[in-house]
Amino acid sequence: MNPQVKQQASLAVSPLDNDLLVTLLASSREAVIITDEKNRIIEANPAFEKLTDFSRSDLLGKDPRFFASGAYGRGVYTEALSQLEQGNPWEGKITLRKKGGELFPFVLSIQRSAHQGALFNLCFFRTQSDLSSTWDEVYEMAYYDQLTGLSNRAFFIEQLSQALHLCQRTGKKLALLRLDIDHFQKINDSLDYQVGDQVLAQISQILKRVLRKSDLIGRVGSDEFVLGLFNIEKPKYAAEVAEKILAEFRHPIQLENQTVYVGVSLGVSLYPEDGEKAEDLFKASSQALAYVKKTDRGHFYFHAPGQTQKAMDQIFLEGDLRKALKNEELSYVYQPQVDSQSGEILGFEALIRWHHPSRGAVSPVEFIPLAEESDLIIEIGAYTLSRVVTQVKAWQVAGYKKVPVSVNISSKQFSHPEFLDTIQFVLAHCGLEPQYLKLEITEGSLMGQIDQAIETLHRLKALGLSTSIDDFGTGYSSLSYLQRLPIQELKIDRSFIIDICKNHNIANAVINLAKSMNLKVVAEGVEEKCQSDRLKALDCTCIQGFFFSRPLSVGDMAQYLQRPVNRG
Ligand code: C2E
Ligand code: MG
Ligand code: MG
């Protein structure tokens with residue numbers, strides 16, 4: 001035991017009378033407080049008042065923790081308490097908050113003493129001899145989280161506020177990401193709190209790895225981290241960082257003796273969209289976090305309501321779509337088109353699929369229009385043609401039944417100056433005869449620049465390809481133009497098939513129109529027997545839809561091509 005503590009111990013047991021004790025305390029240059037069994041201050045000497053600027057009346061009846069800085073965490077108190085309960089004195093470093101809020105490092109020695117049947121704690125405060133290193137420590141503890149070494153909440157807010165001032169001057173954007181560990185309590189409960197600590201330390205390492213040096217990371221709650229992305233050019237960057245972080249957590253975390261999977265969710269707020277002050281951004285990010293935790297754990301969500309979120313999703317999807325092309329995340333399924341009378345396969349439509357690494361399947365209805373907004377559709381279109389034509393040729397070479405494949409062509413792709421060259425190149429490269437490739441084009445693609453479209457259709461026809469108007473009836477084709485189009489097929493849109501059993505007027509009109517123009521007609525979206533029967537009765541020969549077959553994988557399609565006739 002150090003000599004001072006020894007001295008305190010002997011003081012505690014000596015039979016001093018009350019007056020003498022008070023005089024001793026009053027004249028002592030050492031700062032002392034005495035607390036009772038409930039840890040309320042019952043005495044504070046003038047040296048303590050001088051040291052902390054609190055008056056005796058400020059202090060009496062209070063729990064000493066009210067002037068503790070909190071910098072050393074709860075562990076210090078727990079340890080001190082346990083030592084005292086075992087009858088041992090305790091000594092350790094602490095930081096106190098003076099009345100003006102200033103932090104000050106001390107060495108605190110506590111001795112528990114029994115007096116007239118009651119227990120008291122005698123607390124002696126002294127400044128440290130080596131103050132410079134202690135000040136460093138105080139600084140560390142006041143501003144940084146002890147477990148992870150990251151900025152604590154108060155310091156983070158201070159840094160964030162400074163960064164916001166800078167943003168206001170420079171006009172730059174800033175994003176605040178709030179990260180919460182999914183079910184952290186379970187990790188703590190089922191494993192051990194030490195394992196929980198290791199997880200938190202590892203998470204801080206992951207975050208440091210993913211973020212730029214100039215970004216800021218803080219730990220603001222037991223299982224909550226905040227990330228400040230400064231000087232971002234576009235909100236898109238925040239989405240990319242959030243996605244990078246989520247990707248990191250798809251791998252297990254390596255701890256000392258085990259690996260654990262940890263899920264995280266993120267809420268994102270943006271300056272200036274969600275607020276100009278640090279508190280506003282904190283609030284907005286925690287609202288976004290609460291939302292994502294309730295609806296879509298393991299993902300990130302922007303605070304921005306509806307529209308912005310959607311715009312952000314799109315920006316983010318567009319970036320990922322570029323990667324999807326490189327990473328071969330795009331694949332194709334094939335949906336048979338069959339003869340309504342015989343069930344014989346007459347052709348099949350290639351439909352693109354995207355398996356996003358974290359979002360899973362993304363529908364073409366969502367990503368094709370996005371790709372169309374940028375030039376990405378040109379690349380995707382060429383890639384699709386090449387993949388599909390290669391596959392069809394492979395089936396033919398393997399001896400499967402030869403029927404044409406229909407490939408959807410987007411408007412931008414169709415009007416692109418290199419479109420015809422691409423088609424010719426792909427066919428020549430794969431060695432597929434042109435009659436086995438049919439192009440599905442929507443009415444909208446044709447009606448924009450009709451003369452140019454007619455020219456392209458003529459050239460396609462000259463090359464030996466056929467073209468089909470997809471989703472026919474949903475656009476604004478003028479019948480006079482339709483007459484001028486060198487096309488071979490109309491596809492009746494699914495919306496006219498849905499109610500065909502009740503009302504077949506439009507389907508009937510389209511079938512008759514096609515016949516009168518010498519065009520083939522395909523009904524799409526046929527799901528029920530009744531619809532198929534009605535189309536048969538209306539003499540629509542070619543049918544496509546779930547009733548006959550859902551879109552099939554490459555393997556299933558190969559089997560389908562081998563099947564004997566007479567299905568449906
Ligand atoms: P679409 O060309 O009209 O394709 C038909 C869509 O209807 C496909 O949806 C298909 O899976 C779905 N379908 C087929 N039978 C039924 C049925 O019985 N009931 C219902 N409810 N739906 C049925 P998918 O694959 O989601 O494609 C949607 C759209 O995305 C396509 O409409 C097409 O416009 C576009 N798309 C798909 N693949 C490509 C592609 O490779 N390139 C381009 N540019 N667009 C594509
Ligand atoms: Mg289609
Ligand atoms: Mg269609």
# chains A, B, ... in the order shown; residues from 1 in each chain; ligands from 1
call {"tool": "residues_near_ligand", "arguments": {"ligand": "ligand 1", "cutoff": "9 Å", "atoms": "only C-alpha atoms and all ligand atoms", "output": "ChimeraX atom specification"}}
result
/A:332-335,349-353,363-369,371-372,377,380-381,384-385,388,407-411,413,440-442,470-471,491,493-494,498,524-528,544-551
call {"tool": "select_by_dssp", "arguments": {"residues": "region 253-495 of chain A", "states": "helix (DSSP H, G or I)", "output": "PyMOL selection string"}}
result
chain A and resi 278-295+306-326+364-373+376-397+411-414+419-430+434-436+443-447+450-463+479-484+494-495
call {"tool": "closest_residue", "arguments": {"among": "A:Leu519, A:Cys167, A:Leu177, A:Leu330", "to": "Val268 (chain A)", "atoms": "only C-alpha atoms"}}
result
A:Leu177
call {"tool": "atom_distance", "arguments": {"atom1": "CA of Thr390 (chain A)", "atom2": "atom 1 (Mg, counted along the ligand's line) of ligand 2"}}
result
19.2 Å
call {"tool": "closest_residue", "arguments": {"among": "A:Ser406, A:Asn39, A:Ser415, A:Thr422", "to": "ligand 3", "atoms": "only C-alpha atoms and all ligand atoms"}}
result
A:Ser406
call {"tool": "atom_distance", "arguments": {"atom1": "CA of Leu427 (chain A)", "atom2": "CA of Lys393 (chain A)"}}
result
9.5 Å
call {"tool": "atom_distance", "arguments": {"atom1": "CA of Ser269 (chain A)", "atom2": "CA of Trp354 (chain A)"}}
result
28.7 Å
